[in-house]
$ cat query21.txt   # compact mmCIF, C-alpha atoms
# COMPACT_ATOMS: atom_id res chain seq x y z
CA MET Y 1 -90.31 -11.39 90.91
CA GLU Y 2 -92.79 -13.51 92.79
CA VAL Y 3 -96.45 -14.12 92.09
CA ARG Y 4 -97.47 -11.87 94.94
CA ASP Y 5 -95.59 -8.98 93.36
CA LEU Y 6 -98.16 -9.19 90.57
CA LYS Y 7 -101.01 -8.84 93.05
CA LEU Y 8 -102.34 -5.33 93.37
CA ASP Y 9 -105.71 -3.93 94.36
CA GLY Y 10 -108.63 -2.26 92.65
CA ASN Y 11 -107.01 1.18 92.79
CA ALA Y 12 -104.84 -0.05 89.92
CA ILE Y 13 -107.76 -0.44 87.52
CA GLY Y 14 -109.36 2.93 88.25
CA GLY Y 15 -108.03 4.40 85.01
CA ILE Y 16 -109.24 1.63 82.75
CA LEU Y 17 -112.65 1.53 84.46
CA LEU Y 18 -112.91 5.28 84.03
CA GLU Y 19 -112.22 4.78 80.35
CA LEU Y 20 -114.73 1.92 79.96
CA PHE Y 21 -117.59 3.22 82.09
CA GLY Y 22 -117.01 6.96 82.04
CA ALA Y 23 -117.24 7.01 85.82
CA GLU Y 24 -114.99 6.82 88.85
CA LEU Y 25 -115.45 3.26 90.13
CA THR Y 26 -112.73 2.57 92.73
CA ALA Y 27 -115.19 3.54 95.49
CA ALA Y 28 -118.11 1.71 93.84
CA PRO Y 29 -119.57 -1.24 95.77
CA CYS Y 30 -119.20 -4.55 93.93
CA VAL Y 31 -121.06 -7.73 94.95
CA CYS Y 32 -119.35 -11.08 94.39
CA GLY Y 33 -121.37 -13.53 92.33
CA GLY Y 34 -119.76 -16.39 94.25
CA CYS Y 35 -120.05 -15.59 97.97
CA GLY Y 36 -122.15 -12.43 97.92
CA ALA Y 37 -119.56 -10.29 99.71
CA ARG Y 38 -119.91 -6.57 99.01
CA GLU Y 39 -116.68 -4.60 98.75
CA GLU Y 40 -115.58 -1.37 97.15
CA VAL Y 41 -113.68 -1.98 93.93
CA ALA Y 42 -110.47 -0.62 95.52
CA ARG Y 43 -110.59 -3.49 98.03
CA LEU Y 44 -110.71 -6.22 95.38
CA GLU Y 45 -107.60 -8.21 94.44
CA VAL Y 46 -106.14 -7.44 91.04
CA TYR Y 47 -103.66 -9.76 89.32
CA VAL Y 48 -101.69 -8.22 86.49
CA GLY Y 49 -100.48 -10.36 83.60
CA ALA Y 50 -101.21 -10.29 79.89
CA GLY Y 51 -104.63 -9.12 81.05
CA LEU Y 52 -106.17 -8.11 84.35
CA VAL Y 53 -107.94 -10.59 86.62
CA VAL Y 54 -109.99 -9.20 89.51
CA ARG Y 55 -110.80 -11.54 92.38
CA CYS Y 56 -113.01 -11.41 95.46
CA PRO Y 57 -110.79 -10.91 98.57
CA HIS Y 58 -113.06 -13.24 100.56
CA CYS Y 59 -113.62 -16.30 98.31
CA GLU Y 60 -111.11 -15.62 95.48
CA ALA Y 61 -113.81 -16.01 92.82
CA VAL Y 62 -112.98 -14.26 89.55
CA LEU Y 63 -115.20 -11.18 89.34
CA ILE Y 64 -113.84 -9.26 86.37
CA ARG Y 65 -111.43 -10.03 83.53
CA ILE Y 66 -110.08 -7.36 81.21
CA VAL Y 67 -107.83 -7.82 78.20
CA GLN Y 68 -106.85 -4.85 76.10
CA SER Y 69 -105.10 -4.49 72.79
CA ARG Y 70 -104.68 -1.29 70.91
CA ALA Y 71 -107.74 -2.03 68.77
CA ARG Y 72 -110.21 -3.35 71.32
CA THR Y 73 -111.04 -4.15 74.94
CA TRP Y 74 -112.53 -7.46 76.10
CA LEU Y 75 -114.43 -7.22 79.37
CA ASP Y 76 -115.89 -10.20 81.24
CA LEU Y 77 -118.08 -9.34 84.23
CA SER Y 78 -119.75 -12.76 84.54
CA GLY Y 79 -118.47 -13.33 88.10
CA THR Y 80 -119.91 -10.06 89.36
CA ALA Y 81 -123.43 -10.04 90.79
CA SER Y 82 -123.68 -6.24 90.77
CA LEU Y 83 -121.68 -3.06 90.45
CA GLU Y 84 -123.18 0.11 91.87
CA LEU Y 85 -122.50 3.35 90.05
CA GLY Y 86 -123.13 6.64 91.83
CA SER Y 87 -124.34 9.80 90.18
CA PRO Y 88 -121.55 11.49 88.22
CA MET X 1 -120.01 21.69 84.21
CA ALA X 2 -119.90 18.14 85.55
CA GLY X 3 -119.93 16.88 81.98
CA THR X 4 -116.98 19.05 81.07
CA ALA X 5 -114.98 17.82 84.05
CA LEU X 6 -115.80 14.21 83.21
CA LEU X 7 -114.74 14.65 79.61
CA GLY X 8 -111.46 16.11 80.84
CA ARG X 9 -110.77 13.03 82.94
CA LEU X 10 -111.60 10.61 80.12
CA THR X 11 -109.37 12.25 77.60
CA TRP X 12 -105.62 12.02 77.31
CA LEU X 13 -104.29 15.50 77.96
CA GLY X 14 -101.02 16.89 76.70
CA ALA X 15 -98.59 17.71 79.53
CA THR X 16 -95.30 19.56 79.54
CA VAL X 17 -92.60 18.94 82.11
CA SER X 18 -92.03 22.31 83.76
CA SER X 19 -89.34 21.24 86.23
CA VAL X 20 -87.48 18.19 87.49
CA VAL X 21 -86.51 18.00 91.16
CA PRO X 22 -84.21 15.22 92.40
CA GLU X 23 -85.50 13.77 95.69
CA THR X 24 -83.14 10.83 96.20
CA PRO X 25 -80.68 9.02 93.89
CA HIS X 26 -83.56 6.89 92.55
CA VAL X 27 -86.49 9.27 92.82
CA HIS X 28 -87.33 12.47 90.97
CA THR X 29 -90.30 14.80 91.10
CA LEU X 30 -91.68 16.04 87.79
CA GLU X 31 -93.81 19.15 87.89
CA LEU X 32 -96.21 19.19 84.96
CA ASP X 33 -98.05 21.91 83.14
CA VAL X 34 -101.37 20.32 82.08
CA PRO X 35 -103.75 22.67 80.23
CA GLY X 36 -107.32 21.57 80.95
CA TRP X 37 -106.46 19.65 84.13
CA PRO X 38 -109.78 19.32 86.01
CA GLY X 39 -108.18 19.40 89.50
CA HIS X 40 -107.63 16.51 91.89
CA ARG X 41 -108.13 15.25 95.45
CA ALA X 42 -105.31 14.33 97.83
CA GLY X 43 -104.41 10.65 97.31
CA GLN X 44 -105.49 10.31 93.68
CA HIS X 45 -103.25 9.09 90.88
CA LEU X 46 -103.07 9.63 87.15
CA ASP X 47 -102.06 7.56 84.17
CA VAL X 48 -99.02 8.57 82.11
CA ARG X 49 -98.71 7.49 78.47
CA LEU X 50 -95.50 7.65 76.47
CA THR X 51 -95.44 7.18 72.71
CA ALA X 52 -92.25 6.14 70.90
CA GLU X 53 -91.38 7.35 67.41
CA ASP X 54 -92.53 4.03 65.96
CA GLY X 55 -95.92 4.42 67.61
CA TYR X 56 -95.32 1.97 70.45
CA GLN X 57 -97.11 3.12 73.58
CA ALA X 58 -96.47 2.38 77.23
CA GLN X 59 -98.68 3.47 80.10
CA ARG X 60 -98.33 3.46 83.90
CA SER X 61 -100.08 4.93 86.91
CA TYR X 62 -98.37 7.40 89.25
CA SER X 63 -99.60 9.02 92.43
CA ILE X 64 -100.05 12.75 92.42
CA ALA X 65 -97.67 14.31 94.95
CA SER X 66 -99.00 17.86 94.97
CA ALA X 67 -101.82 19.17 97.13
CA PRO X 68 -105.14 19.94 95.44
CA GLY X 69 -105.00 23.39 93.91
CA ASP X 70 -101.22 23.38 93.78
CA GLY X 71 -100.53 22.17 90.25
CA VAL X 72 -99.69 18.63 89.16
CA ALA X 73 -96.50 17.03 90.44
CA LEU X 74 -95.53 13.37 90.15
CA THR X 75 -92.80 11.75 92.22
CA VAL X 76 -91.44 8.73 90.39
CA GLU X 77 -89.10 5.98 91.59
CA ARG X 78 -86.87 4.36 88.99
CA LEU X 79 -87.46 0.62 88.74
CA ASP X 80 -84.41 -0.65 86.88
CA ASP X 81 -86.28 -3.18 84.75
CA GLY X 82 -89.23 -0.83 84.26
CA GLU X 83 -90.50 0.44 80.96
CA VAL X 84 -91.60 3.96 81.85
CA SER X 85 -89.99 4.96 85.13
CA PRO X 86 -86.35 4.91 83.86
CA TYR X 87 -87.33 7.48 81.24
CA LEU X 88 -89.25 9.65 83.71
CA VAL X 89 -86.45 9.60 86.29
CA ASP X 90 -83.32 9.67 84.12
CA GLU X 91 -84.29 11.26 80.82
CA ALA X 92 -87.23 13.61 81.29
CA ARG X 93 -86.25 17.28 81.03
CA GLU X 94 -88.00 20.61 81.28
CA GLY X 95 -90.06 21.10 78.13
CA ASP X 96 -90.57 17.39 77.40
CA GLN X 97 -94.06 16.36 76.36
CA LEU X 98 -96.11 13.43 77.59
CA GLU X 99 -99.76 12.52 77.94
CA VAL X 100 -101.76 12.13 81.16
CA ARG X 101 -105.26 10.93 82.02
CA GLY X 102 -106.99 11.55 85.27
CA PRO X 103 -107.31 12.16 88.08
CA VAL X 104 -108.18 8.58 89.04
CA GLY X 105 -109.51 7.26 92.34
CA GLY X 106 -112.34 8.02 94.74
CA TYR X 107 -111.42 5.57 97.50
CA PHE X 108 -107.83 6.27 98.52
CA VAL X 109 -108.48 9.98 99.10
CA TRP X 110 -108.52 12.32 102.07
CA ASP X 111 -110.42 15.58 101.71
CA GLY X 112 -109.67 16.93 105.17
CA ASP X 113 -113.25 17.45 106.27
CA GLU X 114 -113.49 14.54 108.73
CA PRO X 115 -112.56 15.09 112.40
CA GLU X 116 -110.98 11.68 113.08
CA PRO X 117 -107.19 11.57 113.53
CA VAL X 118 -105.34 10.31 110.49
CA LEU X 119 -102.63 7.65 110.41
CA LEU X 120 -100.50 7.47 107.29
CA VAL X 121 -98.35 4.36 106.83
CA ALA X 122 -95.82 4.52 104.00
CA GLY X 123 -93.40 2.00 102.54
CA GLY X 124 -90.78 3.61 100.27
CA SER X 125 -92.37 5.58 97.45
CA GLY X 126 -95.75 4.77 98.96
CA VAL X 127 -95.17 8.06 100.78
CA VAL X 128 -96.12 10.02 97.65
CA PRO X 129 -99.95 10.04 97.84
CA LEU X 130 -99.73 10.29 101.63
CA THR X 131 -97.59 13.41 101.29
CA ALA X 132 -100.27 14.91 99.05
CA MET X 133 -102.62 14.45 102.04
CA ALA X 134 -100.10 16.02 104.45
CA ARG X 135 -99.53 18.94 102.07
CA HIS X 136 -103.29 19.38 101.70
CA ARG X 137 -103.71 19.45 105.49
CA ALA X 138 -100.98 22.09 105.82
CA ARG X 139 -102.29 24.10 102.88
CA VAL X 140 -105.85 24.39 104.21
CA GLY X 141 -104.73 24.92 107.81
CA SER X 142 -106.51 21.79 109.07
CA GLU X 143 -105.98 20.94 112.74
CA THR X 144 -106.92 17.28 112.31
CA PRO X 145 -104.20 15.26 114.06
CA MET X 146 -102.08 13.46 111.45
CA ARG X 147 -99.20 11.04 111.97
CA LEU X 148 -96.95 9.47 109.35
CA VAL X 149 -95.13 6.19 109.94
CA TYR X 150 -92.62 5.89 107.13
CA SER X 151 -90.42 2.90 106.34
CA SER X 152 -87.36 3.44 104.14
CA ARG X 153 -84.29 1.34 103.45
CA THR X 154 -81.72 4.00 104.38
CA TRP X 155 -81.70 7.66 105.45
CA ASP X 156 -80.68 8.65 101.91
CA ASP X 157 -83.75 6.88 100.52
CA VAL X 158 -86.17 9.03 102.54
CA ILE X 159 -88.24 11.02 100.04
CA TYR X 160 -89.25 14.60 101.04
CA ARG X 161 -87.01 14.21 104.10
CA ASP X 162 -86.65 17.89 104.97
CA GLU X 163 -90.11 19.02 103.90
CA LEU X 164 -91.86 16.42 106.04
CA GLU X 165 -90.47 18.13 109.14
CA THR X 166 -92.10 21.41 108.12
CA LEU X 167 -95.67 20.22 107.43
CA GLY X 168 -96.82 20.15 111.04
CA LEU X 169 -97.59 16.45 111.35
CA ASP X 170 -95.89 13.79 113.50
CA VAL X 171 -93.33 11.81 111.50
CA VAL X 172 -91.95 8.47 112.71
CA HIS X 173 -89.18 6.99 110.57
CA THR X 174 -87.97 3.43 110.47
CA LEU X 175 -84.86 2.52 108.45
CA THR X 176 -84.82 -1.16 107.61
CA ARG X 177 -81.51 -1.71 105.84
CA GLU X 178 -78.94 0.75 107.15
CA GLN X 179 -79.01 3.44 109.81
CA PRO X 180 -76.78 6.51 110.12
CA PRO X 181 -74.39 6.70 113.12
CA GLY X 182 -76.24 7.63 116.28
CA TRP X 183 -79.67 6.74 114.79
CA ARG X 184 -82.30 6.75 117.50
CA GLY X 185 -85.36 5.96 115.41
CA TYR X 186 -86.76 2.55 114.55
CA SER X 187 -84.70 0.14 112.49
CA ARG X 188 -87.05 -2.70 111.70
CA ARG X 189 -89.93 -3.48 109.40
CA ILE X 190 -93.35 -2.17 110.33
CA ASP X 191 -95.19 -4.78 112.35
CA ARG X 192 -97.75 -5.04 115.11
CA GLU X 193 -95.27 -4.18 117.88
CA LEU X 194 -94.02 -1.05 116.15
CA LEU X 195 -97.56 0.06 115.31
CA ALA X 196 -98.63 -0.56 118.90
CA GLU X 197 -96.09 2.08 119.96
CA VAL X 198 -96.88 4.74 117.36
CA ALA X 199 -100.44 4.30 116.03
CA TRP X 200 -103.42 6.20 117.43
CA PRO X 201 -105.36 4.11 119.96
CA ALA X 202 -108.22 2.19 118.34
CA SER X 203 -110.60 4.02 120.70
CA GLU X 204 -110.06 7.17 118.61
CA HIS X 205 -111.44 5.47 115.47
CA PRO X 206 -108.65 6.83 113.27
CA ARG X 207 -108.74 6.97 109.49
CA VAL X 208 -105.82 5.03 108.07
CA TYR X 209 -104.12 5.19 104.70
CA VAL X 210 -101.47 2.57 103.90
CA CYS X 211 -99.45 2.69 100.69
CA GLY X 212 -96.50 0.61 99.53
CA SER X 213 -95.71 -2.76 97.99
CA THR X 214 -98.28 -5.53 98.38
CA ARG X 215 -96.08 -7.22 100.97
CA PHE X 216 -95.70 -4.01 102.98
CA VAL X 217 -99.39 -3.12 102.82
CA ASP X 218 -100.52 -6.59 103.88
CA ALA X 219 -98.13 -6.60 106.86
CA ALA X 220 -99.17 -3.14 108.03
CA ALA X 221 -102.89 -3.83 107.63
CA ASP X 222 -102.59 -7.13 109.51
CA GLY X 223 -100.73 -5.34 112.33
CA LEU X 224 -103.44 -2.70 112.63
CA LEU X 225 -106.24 -5.28 112.64
CA ALA X 226 -104.40 -7.10 115.44
CA LEU X 227 -104.43 -3.84 117.44
CA GLY X 228 -108.21 -3.72 117.22
CA TYR X 229 -108.58 -1.44 114.23
CA ASP X 230 -111.72 -1.99 112.17
CA ALA X 231 -111.05 -3.04 108.57
CA ALA X 232 -113.41 -0.29 107.41
CA TRP X 233 -111.06 2.39 108.82
CA ILE X 234 -108.10 1.16 106.78
CA ARG X 235 -107.70 2.21 103.17
CA THR X 236 -104.87 0.64 101.23
CA GLU X 237 -103.15 1.13 97.90
CA ARG X 238 -100.61 -1.36 96.59
CA PHE X 239 -97.76 -0.45 94.26
CA GLY X 240 -96.73 -2.74 91.45
CA ALA X 241 -93.32 -4.20 90.74
CA THR X 242 -93.43 -3.05 87.13
CA GLY X 243 -92.89 0.55 86.25

$ encode --input "query21.txt" --output "structure tokens"
Amino acid sequence: MEVRDLKLDGNAIGGILLELFGAELTAAPCVCGGCGAREEVARLEVYVGAGLVVRCPHCEAVLIRIVQSRARTWLDLSGTASLELGSP
Amino acid sequence: MAGTALLGRLTWLGATVSSVVPETPHVHTLELDVPGWPGHRAGQHLDVRLTAEDGYQAQRSYSIASAPGDGVALTVERLDDGEVSPYLVDEAREGDQLEVRGPVGGYFVWDGDEPEPVLLVAGGSGVVPLTAMARHRARVGSETPMRLVYSSRTWDDVIYRDELETLGLDVVHTLTREQPPGWRGYSRRIDRELLAEVAWPASEHPRVYVCGSTRFVDAAADGLLALGYDAAWIRTERFGATG
């Protein structure tokens, strides 16, 4: 397996985002805190390892980090300038 | 009502395998009976959770193969070093229980109410969510032009091979590893030159859905951009190497 086999896209985190936010977010616009690019979550780069790292496809800044165990979820959104949720 | 549907999607639902259909030596379709399933859109996926006797849980995402309104079917490829797919392909039997959550996804979906022609580009089992779109189109009697470009390793690896000919869309196969005697289709990986011959002209502003491995998706998307397609027309979904 190569590193790029671990690279997916934001479609892959739709389930966990649904669980955390209670809303469908793969089509939600997300603004990068680094370069300001605005992309739908499905277009972001997702790297799968012990946790999930979501990067901006334009500048590679880390936007979101998620680590889950059975007992808890740790969510870091510090690289994200904004995430736009539509009406349910 | 919206609240009820949302709750249904957030909750793990019990599912019963109602039938198992072999598609290829490595790929099976599982039809599921899911009481409380809120319905889905063509292209969405769901999460499957398996729980072992000792409480260990494993979870993966699988594309929904069935058209909206036509039950819940998953088509799963066995990845030999996978954690969930070997069970689903080799062991799952009618009556087995598992848990599902979903549907998931509001981006990689086609509802059939846009007039633009649709180009579907599939690598291997990436054909599954695209087939849900083709089945949806056939089911609702849509006349939107739809074309599938489908890359498989061999003729025996082509999933839904016979059904695809009956759905009323154009199907272009390429077989990258081995071709049957007398094969007259394509026999190379999908690239700009191949797409230039089979994709809708950019002037038609087609809607594009590409699904496969990351390598496949990146190559196909790059080829389409080189043909003058706008990035906004191209929706992609990448499959993982773990299953």

$ closest_residue --input "query21.txt" --among "X:Asp230, X:Glu83, X:Asp218, X:Glu178" --to "chain Y" --atoms "only C-alpha atoms"
X:Asp218

$ closest_residue --input "query21.txt" --among "X:Cys211, X:Ala122, X:Leu30, X:Leu164" --to "chain Y" --atoms "all atoms listed in the file"
X:Cys211

$ closest_atom_pairs --input "query21.txt" --of "chain Y" --to "chain X" --cutoff "12 Å" --atoms "only C-alpha atoms" --output "Markdown table"
| residue | atom | partner | partner_atom | distance |
| --- | --- | --- | --- | --- |
| Y:Met1 | CA | X:Ala241 | CA | 7.8 |
| Y:Glu2 | CA | X:Ala241 | CA | 9.5 |
| Y:Val3 | CA | X:Ala241 | CA | 10.5 |
| Y:Arg4 | CA | X:Thr214 | CA | 7.3 |
| Y:Asp5 | CA | X:Ala241 | CA | 5.9 |
| Y:Leu6 | CA | X:Gly240 | CA | 6.7 |
| Y:Lys7 | CA | X:Thr214 | CA | 6.8 |
| Y:Leu8 | CA | X:Arg238 | CA | 5.4 |
| Y:Asp9 | CA | X:Arg238 | CA | 6.1 |
| Y:Gly10 | CA | X:Glu237 | CA | 8.3 |
| Y:Asn11 | CA | X:Glu237 | CA | 6.4 |
| Y:Ala12 | CA | X:Ser61 | CA | 7.5 |
| Y:Ile13 | CA | X:Val104 | CA | 9.2 |
| Y:Gly14 | CA | X:Val104 | CA | 5.8 |
| Y:Gly15 | CA | X:Val104 | CA | 5.8 |
| Y:Ile16 | CA | X:Asp47 | CA | 9.4 |
| Y:Leu17 | CA | X:Val104 | CA | 9.5 |
| Y:Leu18 | CA | X:Leu10 | CA | 6.7 |
| Y:Glu19 | CA | X:Leu10 | CA | 5.9 |
| Y:Leu20 | CA | X:Leu10 | CA | 9.2 |
| Y:Phe21 | CA | X:Leu10 | CA | 9.7 |
| Y:Gly22 | CA | X:Leu10 | CA | 6.8 |
| Y:Ala23 | CA | X:Leu6 | CA | 7.8 |
| Y:Glu24 | CA | X:Gly105 | CA | 6.5 |
| Y:Leu25 | CA | X:Gly106 | CA | 7.3 |
| Y:Thr26 | CA | X:Gly105 | CA | 5.7 |
| Y:Ala27 | CA | X:Tyr107 | CA | 4.7 |
| Y:Ala28 | CA | X:Tyr107 | CA | 8.5 |
| Y:Pro29 | CA | X:Tyr107 | CA | 10.8 |
| Y:Glu39 | CA | X:Ala232 | CA | 10.2 |
| Y:Glu40 | CA | X:Tyr107 | CA | 8.1 |
| Y:Val41 | CA | X:Tyr107 | CA | 8.7 |
| Y:Ala42 | CA | X:Tyr107 | CA | 6.6 |
| Y:Arg43 | CA | X:Thr236 | CA | 7.7 |
| Y:Leu44 | CA | X:Thr236 | CA | 10.7 |
| Y:Glu45 | CA | X:Arg238 | CA | 10.0 |
| Y:Val46 | CA | X:Arg238 | CA | 9.9 |
| Y:Tyr47 | CA | X:Gly240 | CA | 10.1 |
| Y:Val48 | CA | X:Gly240 | CA | 8.9 |
| Y:Gly49 | CA | X:Thr242 | CA | 10.8 |
| Y:Ser69 | CA | X:Gln57 | CA | 11.1 |
| Y:Arg70 | CA | X:Gln57 | CA | 9.2 |
| Y:Gly86 | CA | X:Gly106 | CA | 11.3 |
| Y:Ser87 | CA | X:Ala2 | CA | 10.5 |
| Y:Pro88 | CA | X:Ala2 | CA | 7.4 |

$ residues_around --input "query21.txt" --residues "X:Thr24" --least-positions-apart "2" --cutoff "8 Å" --atoms "all atoms listed in the file" --output "VMD selection string"
chain X and resid 22 26 to 28 156 to 159

$ atom_distance --input "query21.txt" --atom1 "atom CA of X:Val171" --atom2 "atom CA of X:Val149"
6.1 Å

$ closest_residue --input "query21.txt" --among "X:Ala42, X:Leu167, X:Ala15, X:Ile64" --to "X:Asp96" --atoms "all atoms listed in the file"
X:Ala15

$ residues_around --input "query21.txt" --residues "Y:Ser78" --least-positions-apart "3" --cutoff "12 Å" --atoms "only C-alpha atoms" --output "list in words"
Val31, Cys32, Gly33, Gly34, Val54, Arg55, Ala61, Val62, Leu63, Ile64, Arg65, Ile66, Leu75, Ala81, Ser82 and Leu83 of chain Y

$ atom_distance --input "query21.txt" --atom1 "atom CA of X:Ala199" --atom2 "atom CA of X:Pro181"
26.3 Å

$ atom_distance --input "query21.txt" --atom1 "atom CA of X:Glu116" --atom2 "atom CA of X:Ser63"
23.7 Å

$ closest_residue --input "query21.txt" --among "X:Ser152, X:Thr176, X:Ser142, X:Ser19" --to "X:Val72" --atoms "all atoms listed in the file"
X:Ser19

$ closest_residue --input "query21.txt" --among "X:Tyr229, X:Tyr186, X:Tyr209, X:Tyr160" --to "X:Leu120" --atoms "all atoms listed in the file"
X:Tyr209

$ decode --input "query21.txt" --residues "stretch 24-32 of chain Y" --atoms "all heavy atoms" --output "PDB file, in the first residue's frame"
ATOM      1  N   GLU Y  24     -26.311  16.433   7.106  1.00  0.00           N
ATOM      2  CA  GLU Y  24     -25.548  16.031   5.933  1.00  0.00           C
ATOM      3  C   GLU Y  24     -24.575  17.164   5.585  1.00  0.00           C
ATOM      4  O   GLU Y  24     -25.001  18.300   5.372  1.00  0.00           O
ATOM      5  CB  GLU Y  24     -26.519  15.764   4.783  1.00  0.00           C
ATOM      6  CG  GLU Y  24     -25.946  15.845   3.385  1.00  0.00           C
ATOM      7  CD  GLU Y  24     -24.706  15.014   3.188  1.00  0.00           C
ATOM      8  OE1 GLU Y  24     -24.665  13.861   3.629  1.00  0.00           O
ATOM      9  OE2 GLU Y  24     -23.758  15.532   2.572  1.00  0.00           O
ATOM     10  N   LEU Y  25     -23.283  16.867   5.541  1.00  0.00           N
ATOM     11  CA  LEU Y  25     -22.302  17.935   5.352  1.00  0.00           C
ATOM     12  C   LEU Y  25     -21.407  17.741   4.134  1.00  0.00           C
ATOM     13  O   LEU Y  25     -20.564  18.590   3.867  1.00  0.00           O
ATOM     14  CB  LEU Y  25     -21.415  18.062   6.595  1.00  0.00           C
ATOM     15  CG  LEU Y  25     -22.034  18.813   7.767  1.00  0.00           C
ATOM     16  CD1 LEU Y  25     -21.073  18.848   8.953  1.00  0.00           C
ATOM     17  CD2 LEU Y  25     -22.377  20.237   7.356  1.00  0.00           C
ATOM     18  N   THR Y  26     -21.552  16.647   3.361  1.00  0.00           N
ATOM     19  CA  THR Y  26     -20.608  16.473   2.245  1.00  0.00           C
ATOM     20  C   THR Y  26     -20.797  17.547   1.182  1.00  0.00           C
ATOM     21  O   THR Y  26     -19.868  17.855   0.450  1.00  0.00           O
ATOM     22  CB  THR Y  26     -20.720  15.078   1.596  1.00  0.00           C
ATOM     23  OG1 THR Y  26     -22.035  14.890   1.076  1.00  0.00           O
ATOM     24  CG2 THR Y  26     -20.387  13.984   2.589  1.00  0.00           C
ATOM     25  N   ALA Y  27     -21.984  18.144   1.109  1.00  0.00           N
ATOM     26  CA  ALA Y  27     -22.214  19.220   0.134  1.00  0.00           C
ATOM     27  C   ALA Y  27     -22.075  20.598   0.772  1.00  0.00           C
ATOM     28  O   ALA Y  27     -22.322  21.613   0.120  1.00  0.00           O
ATOM     29  CB  ALA Y  27     -23.604  19.069  -0.496  1.00  0.00           C
ATOM     30  N   ALA Y  28     -21.654  20.649   2.036  1.00  0.00           N
ATOM     31  CA  ALA Y  28     -21.562  21.926   2.749  1.00  0.00           C
ATOM     32  C   ALA Y  28     -20.291  22.673   2.355  1.00  0.00           C
ATOM     33  O   ALA Y  28     -19.208  22.094   2.342  1.00  0.00           O
ATOM     34  CB  ALA Y  28     -21.557  21.674   4.254  1.00  0.00           C
ATOM     35  N   PRO Y  29     -20.388  23.968   2.045  1.00  0.00           N
ATOM     36  CA  PRO Y  29     -19.189  24.739   1.729  1.00  0.00           C
ATOM     37  C   PRO Y  29     -18.322  24.934   2.974  1.00  0.00           C
ATOM     38  O   PRO Y  29     -18.828  25.240   4.044  1.00  0.00           O
ATOM     39  CB  PRO Y  29     -19.753  26.085   1.248  1.00  0.00           C
ATOM     40  CG  PRO Y  29     -21.185  25.819   0.906  1.00  0.00           C
ATOM     41  CD  PRO Y  29     -21.625  24.735   1.840  1.00  0.00           C
ATOM     42  N   CYS Y  30     -17.011  24.753   2.783  1.00  0.00           N
ATOM     43  CA  CYS Y  30     -16.039  24.874   3.861  1.00  0.00           C
ATOM     44  C   CYS Y  30     -14.965  25.861   3.399  1.00  0.00           C
ATOM     45  O   CYS Y  30     -14.449  25.732   2.292  1.00  0.00           O
ATOM     46  CB  CYS Y  30     -15.430  23.498   4.140  1.00  0.00           C
ATOM     47  SG  CYS Y  30     -14.169  23.463   5.410  1.00  0.00           S
ATOM     48  N   VAL Y  31     -14.651  26.847   4.216  1.00  0.00           N
ATOM     49  CA  VAL Y  31     -13.635  27.839   3.844  1.00  0.00           C
ATOM     50  C   VAL Y  31     -12.343  27.549   4.593  1.00  0.00           C
ATOM     51  O   VAL Y  31     -12.338  27.397   5.821  1.00  0.00           O
ATOM     52  CB  VAL Y  31     -14.127  29.276   4.139  1.00  0.00           C
ATOM     53  CG1 VAL Y  31     -13.023  30.293   3.862  1.00  0.00           C
ATOM     54  CG2 VAL Y  31     -15.368  29.591   3.306  1.00  0.00           C
ATOM     55  N   CYS Y  32     -11.249  27.466   3.840  1.00  0.00           N
ATOM     56  CA  CYS Y  32      -9.930  27.161   4.403  1.00  0.00           C
ATOM     57  C   CYS Y  32      -9.416  28.350   5.211  1.00  0.00           C
ATOM     58  O   CYS Y  32      -9.411  29.489   4.719  1.00  0.00           O
ATOM     59  CB  CYS Y  32      -8.960  26.838   3.270  1.00  0.00           C
ATOM     60  SG  CYS Y  32      -7.242  26.636   3.812  1.00  0.00           S
TER      61      CYS Y  32
END
